[in-house]
>>> print(open('query-v3.cif').read())   # mmCIF, C-alpha atoms and all ligand atoms
data_my_file
#
loop_
_atom_site.label_atom_id
_atom_site.label_comp_id
_atom_site.auth_asym_id
_atom_site.auth_seq_id
_atom_site.Cartn_x
_atom_site.Cartn_y
_atom_site.Cartn_z
CA MET A 1 -205.29 8.61 190.70
CA LEU A 2 -207.88 9.11 193.42
CA LYS A 3 -211.48 8.88 192.19
CA THR A 4 -213.79 11.55 193.59
CA ILE A 5 -216.84 10.25 191.75
CA GLU A 6 -217.59 7.56 189.23
CA TRP A 7 -220.44 5.96 187.33
CA ARG A 8 -220.48 2.25 188.18
CA ASP A 9 -223.19 -0.26 187.12
CA ASP A 10 -225.83 2.45 186.78
CA GLN A 11 -225.02 3.85 190.21
CA VAL A 12 -223.07 6.93 191.24
CA VAL A 13 -220.23 6.21 193.66
CA MET A 14 -218.62 9.09 195.58
CA ILE A 15 -215.88 9.20 198.18
CA ASP A 16 -217.48 10.59 201.36
CA GLN A 17 -215.71 13.92 201.94
CA ARG A 18 -217.37 14.37 205.34
CA LYS A 19 -215.38 11.41 206.66
CA LEU A 20 -211.92 12.15 205.22
CA PRO A 21 -209.14 11.96 206.30
CA MET A 22 -210.02 9.67 209.20
CA GLN A 23 -212.08 7.22 207.15
CA GLU A 24 -212.07 6.38 203.45
CA ARG A 25 -215.74 5.56 202.88
CA TYR A 26 -217.87 5.62 199.77
CA VAL A 27 -221.48 6.64 199.28
CA ILE A 28 -223.43 4.77 196.63
CA CYS A 29 -226.30 6.71 195.06
CA LYS A 30 -228.96 4.56 193.44
CA ASP A 31 -231.36 7.37 192.57
CA TYR A 32 -231.16 11.06 191.74
CA ARG A 33 -232.56 12.14 195.11
CA SER A 34 -229.63 10.58 196.93
CA VAL A 35 -227.28 12.50 194.61
CA ILE A 36 -229.10 15.73 195.57
CA ARG A 37 -228.80 14.79 199.24
CA SER A 38 -225.08 14.07 198.82
CA ILE A 39 -224.52 17.49 197.22
CA LYS A 40 -226.48 19.27 199.97
CA ASP A 41 -224.74 17.35 202.78
CA LEU A 42 -221.23 17.91 201.30
CA VAL A 43 -220.52 14.23 200.68
CA ILE A 44 -219.30 15.73 197.42
CA ARG A 45 -218.35 19.39 197.15
CA GLY A 46 -216.27 21.79 195.09
CA ALA A 47 -217.77 23.48 192.03
CA PRO A 48 -216.57 21.15 189.22
CA ALA A 49 -217.24 18.01 191.27
CA ILE A 50 -220.76 19.24 191.99
CA GLY A 51 -221.21 19.75 188.24
CA VAL A 52 -220.16 16.17 187.50
CA ALA A 53 -222.41 14.85 190.30
CA ALA A 54 -225.38 16.85 188.99
CA ALA A 55 -224.89 15.49 185.45
CA MET A 56 -224.66 11.92 186.78
CA GLY A 57 -227.64 12.60 189.05
CA VAL A 58 -229.92 13.67 186.21
CA ALA A 59 -228.69 10.72 184.11
CA LEU A 60 -229.59 8.42 187.02
CA GLY A 61 -232.97 10.12 187.31
CA ALA A 62 -233.56 9.74 183.56
CA LEU A 63 -232.78 6.01 183.67
CA LYS A 64 -235.53 5.45 186.23
CA ILE A 65 -238.27 7.34 184.34
CA ARG A 66 -241.01 4.97 183.22
CA ALA A 67 -242.46 6.57 180.10
CA ALA A 68 -242.90 5.13 176.63
CA ARG A 69 -243.68 8.51 175.09
CA MET A 70 -241.08 11.21 174.73
CA ASP A 71 -243.33 14.09 175.91
CA ARG A 72 -244.01 12.29 179.20
CA PHE A 73 -240.33 11.42 179.60
CA ARG A 74 -239.35 15.02 178.96
CA ALA A 75 -241.78 16.50 181.48
CA ARG A 76 -240.38 14.23 184.21
CA PHE A 77 -236.78 14.81 183.12
CA ASP A 78 -237.22 18.61 183.27
CA ALA A 79 -238.65 18.32 186.80
CA ILE A 80 -235.59 16.29 187.88
CA CYS A 81 -233.30 18.93 186.35
CA ARG A 82 -235.10 21.71 188.26
CA GLU A 83 -234.68 19.82 191.56
CA MET A 84 -231.00 19.18 190.82
CA VAL A 85 -230.21 22.84 190.05
CA ALA A 86 -231.68 23.87 193.41
CA ALA A 87 -229.32 21.58 195.39
CA ARG A 88 -226.74 24.35 196.04
CA PRO A 89 -226.98 27.91 194.73
CA THR A 90 -223.47 29.36 194.35
CA ALA A 91 -221.37 27.07 192.13
CA ALA A 92 -221.97 27.94 188.45
CA ASN A 93 -220.94 24.44 187.35
CA LEU A 94 -224.08 22.85 188.75
CA ALA A 95 -226.51 24.73 186.47
CA TRP A 96 -223.94 24.58 183.64
CA ALA A 97 -223.83 20.76 183.78
CA VAL A 98 -227.60 20.38 184.01
CA GLU A 99 -228.05 22.75 181.03
CA ARG A 100 -225.61 20.63 179.04
CA MET A 101 -227.62 17.49 179.84
CA LYS A 102 -230.84 19.24 178.80
CA LYS A 103 -229.24 20.29 175.53
CA VAL A 104 -228.43 16.64 174.75
CA ALA A 105 -232.05 15.70 175.45
CA ASP A 106 -233.15 18.56 173.15
CA GLU A 107 -230.88 17.46 170.32
CA ILE A 108 -232.30 13.93 170.20
CA SER A 109 -235.85 14.69 171.29
CA HIS A 110 -237.19 12.88 168.19
CA ARG A 111 -235.73 9.56 169.49
CA GLU A 112 -237.22 6.96 171.83
CA PRO A 113 -236.79 7.53 175.61
CA GLY A 114 -234.61 4.40 175.84
CA GLU A 115 -232.07 5.84 173.43
CA VAL A 116 -232.13 9.26 175.10
CA LYS A 117 -231.40 7.65 178.47
CA LEU A 118 -228.28 5.90 177.17
CA ARG A 119 -227.09 9.11 175.53
CA LEU A 120 -227.54 11.02 178.81
CA VAL A 121 -225.45 8.46 180.70
CA LYS A 122 -222.70 8.81 178.08
CA GLU A 123 -222.82 12.61 178.35
CA ALA A 124 -222.45 12.54 182.14
CA GLN A 125 -219.42 10.25 181.81
CA ALA A 126 -218.00 12.58 179.16
CA ILE A 127 -218.38 15.58 181.51
CA LEU A 128 -216.29 13.71 184.09
CA GLU A 129 -213.55 12.77 181.59
CA GLU A 130 -213.46 16.29 180.12
CA ASP A 131 -213.20 17.84 183.57
CA ILE A 132 -210.00 15.91 184.29
CA ALA A 133 -208.53 16.90 180.90
CA ILE A 134 -209.52 20.55 181.47
CA ASN A 135 -207.83 20.56 184.88
CA LYS A 136 -204.63 19.22 183.36
CA ALA A 137 -204.75 21.90 180.65
CA MET A 138 -205.29 24.54 183.33
CA GLY A 139 -202.35 23.14 185.26
CA ARG A 140 -200.08 23.43 182.21
CA GLN A 141 -201.17 27.04 181.70
CA GLY A 142 -200.95 28.07 185.34
CA GLN A 143 -197.78 26.32 186.47
CA ARG A 144 -195.69 28.89 184.57
CA LEU A 145 -196.74 31.46 187.18
CA LEU A 146 -195.03 29.49 189.96
CA LYS A 147 -191.29 29.45 190.53
CA ASP A 148 -189.07 26.69 191.86
CA GLY A 149 -189.07 26.87 195.67
CA ASN A 150 -192.36 28.80 195.97
CA ARG A 151 -194.60 28.46 199.02
CA VAL A 152 -198.16 28.59 197.72
CA LEU A 153 -201.05 29.42 200.01
CA THR A 154 -204.46 28.02 199.14
CA HIS A 155 -207.87 28.33 200.74
CA CYS A 156 -210.48 25.56 200.97
CA ASN A 157 -209.91 22.53 198.75
CA ALA A 158 -209.65 23.08 195.01
CA GLY A 159 -207.98 19.77 194.31
CA ALA A 160 -208.80 16.34 192.91
CA LEU A 161 -211.55 15.99 195.51
CA ALA A 162 -213.27 19.20 194.36
CA THR A 163 -213.25 18.15 190.71
CA GLY A 164 -213.43 15.05 188.52
CA GLY A 165 -209.72 14.66 189.32
CA TYR A 166 -206.34 16.50 189.40
CA GLY A 167 -207.83 19.78 190.64
CA THR A 168 -207.95 23.44 189.66
CA ALA A 169 -205.78 25.42 192.12
CA LEU A 170 -204.06 22.23 193.30
CA GLY A 171 -203.87 21.15 189.64
CA VAL A 172 -201.65 24.18 189.05
CA VAL A 173 -199.48 23.04 191.97
CA ARG A 174 -199.42 19.45 190.67
CA ALA A 175 -198.37 20.63 187.19
CA ALA A 176 -195.59 22.80 188.66
CA VAL A 177 -194.31 19.80 190.62
CA GLU A 178 -194.54 17.60 187.49
CA ALA A 179 -192.49 20.29 185.69
CA GLY A 180 -189.72 19.67 188.24
CA LYS A 181 -190.32 22.62 190.57
CA GLN A 182 -190.22 22.30 194.33
CA ILE A 183 -193.48 23.67 195.68
CA GLU A 184 -194.76 23.71 199.24
CA VAL A 185 -198.46 24.19 199.86
CA VAL A 186 -199.74 26.24 202.80
CA ALA A 187 -203.33 25.15 203.44
CA ASP A 188 -205.73 27.39 205.34
CA GLU A 189 -207.76 25.06 207.56
CA THR A 190 -211.01 26.63 206.23
CA ARG A 191 -213.56 26.81 209.02
CA PRO A 192 -216.16 25.47 209.53
CA PHE A 193 -216.04 22.36 207.27
CA LEU A 194 -212.22 22.21 207.32
CA GLN A 195 -211.77 21.53 203.61
CA GLY A 196 -208.17 22.76 203.90
CA ALA A 197 -207.13 20.89 207.05
CA ARG A 198 -208.89 17.66 206.12
CA LEU A 199 -209.04 17.47 202.33
CA THR A 200 -206.23 19.61 200.88
CA ALA A 201 -203.80 18.27 203.48
CA TRP A 202 -204.90 14.67 202.80
CA GLU A 203 -204.65 14.83 199.04
CA MET A 204 -201.33 16.68 199.04
CA LYS A 205 -199.91 14.13 201.47
CA GLU A 206 -201.19 11.28 199.25
CA SER A 207 -199.40 12.93 196.30
CA ARG A 208 -196.23 13.49 198.35
CA ILE A 209 -196.38 17.27 197.89
CA PRO A 210 -195.18 19.05 201.05
CA VAL A 211 -198.06 20.73 202.86
CA THR A 212 -198.35 22.84 206.01
CA VAL A 213 -201.76 23.45 207.57
CA ILE A 214 -202.43 26.79 209.27
CA THR A 215 -205.45 28.19 211.06
CA ASP A 216 -207.34 30.66 208.89
CA ASN A 217 -206.28 33.55 211.07
CA SER A 218 -202.55 32.82 210.58
CA ALA A 219 -202.39 33.81 206.90
CA GLY A 220 -201.47 37.46 207.61
CA TYR A 221 -198.77 36.43 210.08
CA LEU A 222 -197.09 34.18 207.50
CA MET A 223 -197.36 36.74 204.71
CA GLN A 224 -195.88 39.47 206.92
CA ARG A 225 -192.85 37.22 207.53
CA GLY A 226 -192.29 36.52 203.83
CA LYS A 227 -193.44 32.90 204.10
CA VAL A 228 -195.93 32.99 201.22
CA ASP A 229 -194.83 33.60 197.62
CA ALA A 230 -198.16 33.23 195.83
CA VAL A 231 -201.81 32.49 196.52
CA VAL A 232 -203.72 30.12 194.23
CA VAL A 233 -207.42 29.44 194.88
CA GLY A 234 -210.31 27.94 192.95
CA ALA A 235 -213.69 29.55 192.29
CA ASP A 236 -217.36 28.71 192.52
CA ARG A 237 -218.55 31.40 190.16
CA ILE A 238 -216.80 34.18 188.28
CA ALA A 239 -218.82 37.15 186.99
CA ALA A 240 -218.30 38.76 183.56
CA ASN A 241 -216.12 41.48 185.13
CA GLY A 242 -213.79 38.99 186.89
CA ASP A 243 -215.30 39.19 190.40
CA VAL A 244 -214.75 35.80 192.06
CA ALA A 245 -217.02 33.90 194.45
CA ASN A 246 -215.09 31.28 196.41
CA LYS A 247 -215.09 29.70 199.86
CA ILE A 248 -215.79 32.11 202.71
CA GLY A 249 -212.51 33.73 203.78
CA THR A 250 -211.05 34.00 200.28
CA TYR A 251 -211.76 37.76 200.23
CA MET A 252 -209.69 38.26 203.42
CA VAL A 253 -206.81 36.30 201.88
CA ALA A 254 -206.98 38.41 198.70
CA ILE A 255 -206.77 41.67 200.64
CA LEU A 256 -203.86 40.35 202.70
CA ALA A 257 -202.08 39.25 199.52
CA ARG A 258 -202.51 42.72 197.98
CA THR A 259 -201.20 44.41 201.14
CA HIS A 260 -198.12 42.20 201.10
CA LYS A 261 -197.63 42.45 197.30
CA ILE A 262 -198.15 38.72 196.84
CA PRO A 263 -199.81 37.59 193.58
CA PHE A 264 -203.35 36.25 194.00
CA TYR A 265 -204.28 33.74 191.28
CA VAL A 266 -207.66 32.12 190.61
CA ALA A 267 -207.77 28.81 188.71
CA ALA A 268 -211.15 27.84 187.28
CA PRO A 269 -212.57 26.13 184.21
CA MET A 270 -214.67 28.11 181.71
CA SER A 271 -217.76 26.36 183.13
CA THR A 272 -217.27 28.35 186.35
CA ILE A 273 -217.48 31.69 184.51
CA ASP A 274 -221.03 32.97 184.44
CA ALA A 275 -221.02 35.54 181.63
CA SER A 276 -224.73 36.19 182.20
CA ILE A 277 -224.02 38.19 185.33
CA LYS A 278 -222.19 41.49 185.21
CA THR A 279 -220.63 41.64 188.68
CA GLY A 280 -220.14 39.57 191.82
CA LYS A 281 -223.05 41.42 193.49
CA GLU A 282 -225.42 39.20 191.52
CA ILE A 283 -223.88 35.93 192.72
CA PRO A 284 -226.21 34.10 195.15
CA ILE A 285 -224.35 33.28 198.35
CA GLU A 286 -225.36 30.08 200.10
CA GLN A 287 -226.13 30.40 203.82
CA ARG A 288 -225.53 27.10 205.55
CA HIS A 289 -226.91 25.65 208.76
CA GLU A 290 -225.78 27.32 211.98
CA LYS A 291 -224.91 23.92 213.46
CA GLU A 292 -221.78 23.89 211.28
CA VAL A 293 -220.55 26.82 213.42
CA THR A 294 -222.01 26.01 216.82
CA HIS A 295 -220.83 22.39 216.89
CA HIS A 296 -217.47 20.71 216.53
CA GLN A 297 -217.39 16.95 216.00
CA GLY A 298 -220.98 16.71 217.15
CA ARG A 299 -220.41 18.69 220.38
CA ARG A 300 -221.62 22.21 221.02
CA CYS A 301 -218.78 24.77 221.32
CA VAL A 302 -220.76 28.05 221.19
CA PRO A 303 -223.19 29.19 223.92
CA GLU A 304 -226.89 28.61 223.27
CA GLY A 305 -229.00 31.61 222.28
CA VAL A 306 -226.37 33.68 220.46
CA GLY A 307 -226.70 34.88 216.87
CA ILE A 308 -224.94 32.84 214.18
CA GLU A 309 -224.18 33.66 210.57
CA ASN A 310 -222.75 31.02 208.29
CA PRO A 311 -222.24 32.28 204.72
CA ALA A 312 -220.48 29.57 202.70
CA PHE A 313 -218.85 31.90 200.15
CA ASP A 314 -217.69 35.46 199.67
CA VAL A 315 -216.91 37.58 196.62
CA THR A 316 -213.42 38.88 195.92
CA PRO A 317 -213.63 42.00 193.74
CA HIS A 318 -211.69 41.63 190.49
CA ARG A 319 -209.25 44.40 191.44
CA TYR A 320 -207.57 42.02 193.91
CA VAL A 321 -207.10 39.24 191.33
CA SER A 322 -203.66 39.11 189.64
CA ALA A 323 -204.67 36.53 187.02
CA ILE A 324 -207.43 34.06 186.17
CA ILE A 325 -206.14 30.69 184.97
CA THR A 326 -208.49 28.79 182.64
CA GLU A 327 -208.03 25.85 180.28
CA LYS A 328 -208.05 28.36 177.43
CA GLY A 329 -205.26 30.50 178.82
CA VAL A 330 -204.23 32.86 181.59
CA ILE A 331 -205.78 36.33 181.63
CA THR A 332 -204.64 39.37 183.58
CA PRO A 333 -206.58 42.55 184.43
CA PRO A 334 -208.57 44.24 183.02
CA PHE A 335 -210.68 41.08 182.73
CA LYS A 336 -214.00 42.04 181.13
CA ALA A 337 -212.99 42.14 177.44
CA LYS A 338 -210.57 39.22 177.92
CA ILE A 339 -213.30 37.02 179.41
CA ARG A 340 -215.53 37.88 176.45
CA ARG A 341 -212.71 36.92 174.08
CA LEU A 342 -212.17 33.59 175.87
CA PHE A 343 -215.81 32.68 175.25
CA ALA A 344 -215.56 33.78 171.63
CA SER A 345 -212.52 31.53 171.00
CA GLU A 346 -214.37 28.20 170.93
O1 LIG A 401 -218.52 24.49 200.05
P1 LIG A 401 -217.55 23.84 199.10
O2 LIG A 401 -216.59 22.92 199.76
O3 LIG A 401 -218.28 23.20 197.93
O4 LIG A 401 -216.71 25.04 198.50
C1 LIG A 401 -215.71 24.75 197.57
C2 LIG A 401 -214.89 25.92 197.18
O5 LIG A 401 -215.14 27.03 197.57
C3 LIG A 401 -213.79 25.66 196.20
O6 LIG A 401 -212.73 26.51 196.43
C4 LIG A 401 -214.33 25.89 194.79
O7 LIG A 401 -215.49 25.15 194.55
C5 LIG A 401 -213.33 25.58 193.75
S1 LIG A 401 -213.14 23.84 193.60
C6 LIG A 401 -212.14 23.44 192.32
#
>>> encode(input="query-v3.cif", output="structure tokens", more="lines below")
Ligand code: MRU
Amino acid sequence: MLKTIEWRDDQVVMIDQRKLPMQERYVICKDYRSVIRSIKDLVIRGAPAIGVAAAMGVALGALKIRAARMDRFRARFDAICREMVAARPTAANLAWAVERMKKVADEISHREPGEVKLRLVKEAQAILEEDIAINKAMGRQGQRLLKDGNRVLTHCNAGALATGGYGTALGVVRAAVEAGKQIEVVADETRPFLQGARLTAWEMKESRIPVTVITDNSAGYLMQRGKVDAVVVGADRIAANGDVANKIGTYMVAILARTHKIPFYVAAPMSTIDASIKTGKEIPIEQRHEKEVTHHQGRRCVPEGVGIENPAFDVTPHRYVSAIITEKGVITPPFKAKIRRLFASE
């Protein structure tokens, strides 16, 4: 299986998602700052993958701290964690993973820094392994929603590349295919970074799952002609009421799906659900550099001097969501009490 990210010889190795599908290159991070840079520059992207990278990044940072005393080590470690959390604002998994690493440091704070460092490296590797297992569990839960012969539209890339492996939304597709169903994926190209056209198309092709790429503005046309049976997307953060932040354009797809009576499913691990916020209005939306919009393959394609907005995510209100697929089960509306129950069922 394709490796999005791995811990190798006290370095973090990531496939460079800016270069795919034309080149299969790897970025080697030797310190935590290069992990932060890789998250910011979208070498690695997708909420669960960012979580894994952040955990490995703080482990890498911890390894390099020169401090014999635990209080000194801890002060430096906390500063690294704060820097890591600020790398990208929307995906809940980033802060979730860093919190988990801090909790490990808390639990063994009476030990020597050397021992804490090794434990942090182990925890980061465990987060990666667990993420793959969680995606497979989510796939088993979610695949029941898909029927043999379905055409499934997805937005952005919520596959192996966006996670530790296997994928969330594309994990559901993979599990349906493994269960013997014939599924075709319709991938929105996903302007401006083209996660759909470049990454979803590439990984589906690698897995021999039929995939058709469409421009973002073709989704309504296909739905109107009965060419989409279900929508499955991932999420960057889900609020306590079921509102879903995902790649910009997801909201449009959800409204189209509702209009055409097509189910709209969201597949996300529990670590993407932020129970501390009541609604999607509280989710911080990342604004990215205008150059992503004004330039295509390094060349300007928009006139100089015009206004540009480049929000990276939008929020789909929970009323448009037919079901949320998690590793703990599939929940249908109304979501609020069911989300609370999912957290209670540890
Ligand atoms: O800006 P990106 O590429 O990090 O955005 C990714 C998405 O919006 C994904 O759909 C989401 O993180 C779910 S990934 C399993």
>>> residues_near_ligand(input="query-v3.cif", ligand="ligand LIG 401 (chain A)", cutoff="7 Å", atoms="all atoms listed in the file", output="list in words")
Leu42, Arg45, Gly46, Ala47, Pro48, Ala91, His155, Cys156, Asn157, Ala158, Gly159, Ala162, Thr163, Gly167, Thr168, Ala169, Gln195, Val233, Gly234, Ala235, Asp236, Asn246, Lys247, Ala268, Ala312 and Phe313 of chain A
>>> closest_residue(input="query-v3.cif", among="A:Gln17, A:Thr212, A:Ser34, A:Ser271", to="Glu130 (chain A)", atoms="only C-alpha atoms")
A:Ser271
>>> closest_residue(input="query-v3.cif", among="A:Ile283, A:Ile65, A:Ala267, A:Ala87", to="Leu170 (chain A)", atoms="all atoms listed in the file")
A:Ala267
>>> residues_near_point(input="query-v3.cif", point="(-227.6, 31.6, 199.1)", cutoff="7 Å", atoms="all atoms listed in the file", output="short mmCIF file (atom, residue, chain, number, x, y, z; two decimals) with C-alpha atoms, in the coordinates of the input")
data_model
loop_
_atom_site.label_atom_id
_atom_site.label_comp_id
_atom_site.auth_asym_id
_atom_site.auth_seq_id
_atom_site.Cartn_x
_atom_site.Cartn_y
_atom_site.Cartn_z
CA PRO A 89 -226.98 27.91 194.73
CA THR A 90 -223.47 29.36 194.35
CA PRO A 284 -226.21 34.10 195.15
CA ILE A 285 -224.35 33.28 198.35
CA GLU A 286 -225.36 30.08 200.10
CA GLN A 287 -226.13 30.40 203.82
#
>>> atom_distance(input="query-v3.cif", atom1="CA of Lys40 (chain A)", atom2="CA of Leu94 (chain A)")
12.0 Å
>>> atom_distance(input="query-v3.cif", atom1="CA of Met22 (chain A)", atom2="CA of Arg198 (chain A)")
8.6 Å
>>> atom_distance(input="query-v3.cif", atom1="CA of Ile325 (chain A)", atom2="CA of Ala176 (chain A)")
13.7 Å
>>> residues_around(input="query-v3.cif", residues="region 202-208 of chain A", least_positions_apart="4", cutoff="9 Å", atoms="all atoms listed in the file", output="count of residues only")
12
>>> residues_around(input="query-v3.cif", residues="Arg237 (chain A)", least_positions_apart="4", cutoff="7 Å", atoms="only C-alpha atoms", output="list in words")
Thr90, Ala91, Ala92, Val244, Ala245, Thr272, Ile273 and Asp274 of chain A
>>> closest_residue(input="query-v3.cif", among="A:Val104, A:Gly165, A:Asn93, A:Ala187", to="Ile238 (chain A)", atoms="all atoms listed in the file")
A:Asn93
>>> closest_residue(input="query-v3.cif", among="A:Val27, A:Ala53, A:Ala257, A:Leu145", to="Asp131 (chain A)", atoms="all atoms listed in the file")
A:Ala53
>>> residues_around(input="query-v3.cif", residues="Leu342 (chain A)", least_positions_apart="5", cutoff="12 Å", atoms="all atoms listed in the file", output="PyMOL selection string")
chain A and resi 240+269-271+273+275+324-331+335-337
>>> closest_residue(input="query-v3.cif", among="A:Ser218, A:Thr259, A:Ser38, A:Thr190", to="Val13 (chain A)", atoms="all atoms listed in the file")
A:Ser38
>>> build_atoms(input="query-v3.cif", residues="region 55-69 of chain A", atoms="N, CA and C atoms", output="PDB file, keeping the file's coordinate frame")
ATOM      1  N   ALA A  55    -224.683  16.134 186.757  1.00  0.00           N
ATOM      2  CA  ALA A  55    -224.890  15.490 185.450  1.00  0.00           C
ATOM      3  C   ALA A  55    -225.194  14.005 185.653  1.00  0.00           C
ATOM      4  N   MET A  56    -224.424  13.349 186.525  1.00  0.00           N
ATOM      5  CA  MET A  56    -224.660  11.920 186.780  1.00  0.00           C
ATOM      6  C   MET A  56    -226.008  11.726 187.479  1.00  0.00           C
ATOM      7  N   GLY A  57    -226.359  12.675 188.340  1.00  0.00           N
ATOM      8  CA  GLY A  57    -227.640  12.600 189.050  1.00  0.00           C
ATOM      9  C   GLY A  57    -228.816  12.658 188.092  1.00  0.00           C
ATOM     10  N   VAL A  58    -228.770  13.580 187.133  1.00  0.00           N
ATOM     11  CA  VAL A  58    -229.920  13.670 186.210  1.00  0.00           C
ATOM     12  C   VAL A  58    -229.927  12.458 185.262  1.00  0.00           C
ATOM     13  N   ALA A  59    -228.740  11.933 184.947  1.00  0.00           N
ATOM     14  CA  ALA A  59    -228.690  10.720 184.110  1.00  0.00           C
ATOM     15  C   ALA A  59    -229.331   9.547 184.871  1.00  0.00           C
ATOM     16  N   LEU A  60    -229.008   9.468 186.169  1.00  0.00           N
ATOM     17  CA  LEU A  60    -229.590   8.420 187.020  1.00  0.00           C
ATOM     18  C   LEU A  60    -231.102   8.583 187.096  1.00  0.00           C
ATOM     19  N   GLY A  61    -231.534   9.826 187.269  1.00  0.00           N
ATOM     20  CA  GLY A  61    -232.970  10.120 187.310  1.00  0.00           C
ATOM     21  C   GLY A  61    -233.639   9.712 186.008  1.00  0.00           C
ATOM     22  N   ALA A  62    -232.997  10.042 184.885  1.00  0.00           N
ATOM     23  CA  ALA A  62    -233.560   9.740 183.560  1.00  0.00           C
ATOM     24  C   ALA A  62    -233.738   8.233 183.381  1.00  0.00           C
ATOM     25  N   LEU A  63    -232.728   7.473 183.824  1.00  0.00           N
ATOM     26  CA  LEU A  63    -232.780   6.010 183.670  1.00  0.00           C
ATOM     27  C   LEU A  63    -234.010   5.403 184.327  1.00  0.00           C
ATOM     28  N   LYS A  64    -234.420   6.024 185.451  1.00  0.00           N
ATOM     29  CA  LYS A  64    -235.530   5.450 186.230  1.00  0.00           C
ATOM     30  C   LYS A  64    -236.903   5.921 185.767  1.00  0.00           C
ATOM     31  N   ILE A  65    -236.966   6.837 184.784  1.00  0.00           N
ATOM     32  CA  ILE A  65    -238.270   7.340 184.340  1.00  0.00           C
ATOM     33  C   ILE A  65    -238.991   6.245 183.552  1.00  0.00           C
ATOM     34  N   ARG A  66    -240.236   5.973 183.961  1.00  0.00           N
ATOM     35  CA  ARG A  66    -241.010   4.970 183.220  1.00  0.00           C
ATOM     36  C   ARG A  66    -241.965   5.724 182.302  1.00  0.00           C
ATOM     37  N   ALA A  67    -241.577   5.893 181.053  1.00  0.00           N
ATOM     38  CA  ALA A  67    -242.460   6.570 180.100  1.00  0.00           C
ATOM     39  C   ALA A  67    -242.120   6.068 178.707  1.00  0.00           C
ATOM     40  N   ALA A  68    -243.129   5.636 177.991  1.00  0.00           N
ATOM     41  CA  ALA A  68    -242.900   5.130 176.630  1.00  0.00           C
ATOM     42  C   ALA A  68    -242.871   6.296 175.646  1.00  0.00           C
ATOM     43  N   ARG A  69    -243.613   7.369 176.008  1.00  0.00           N
ATOM     44  CA  ARG A  69    -243.680   8.510 175.090  1.00  0.00           C
ATOM     45  C   ARG A  69    -242.707   9.597 175.496  1.00  0.00           C
TER      46      ARG A  69
END
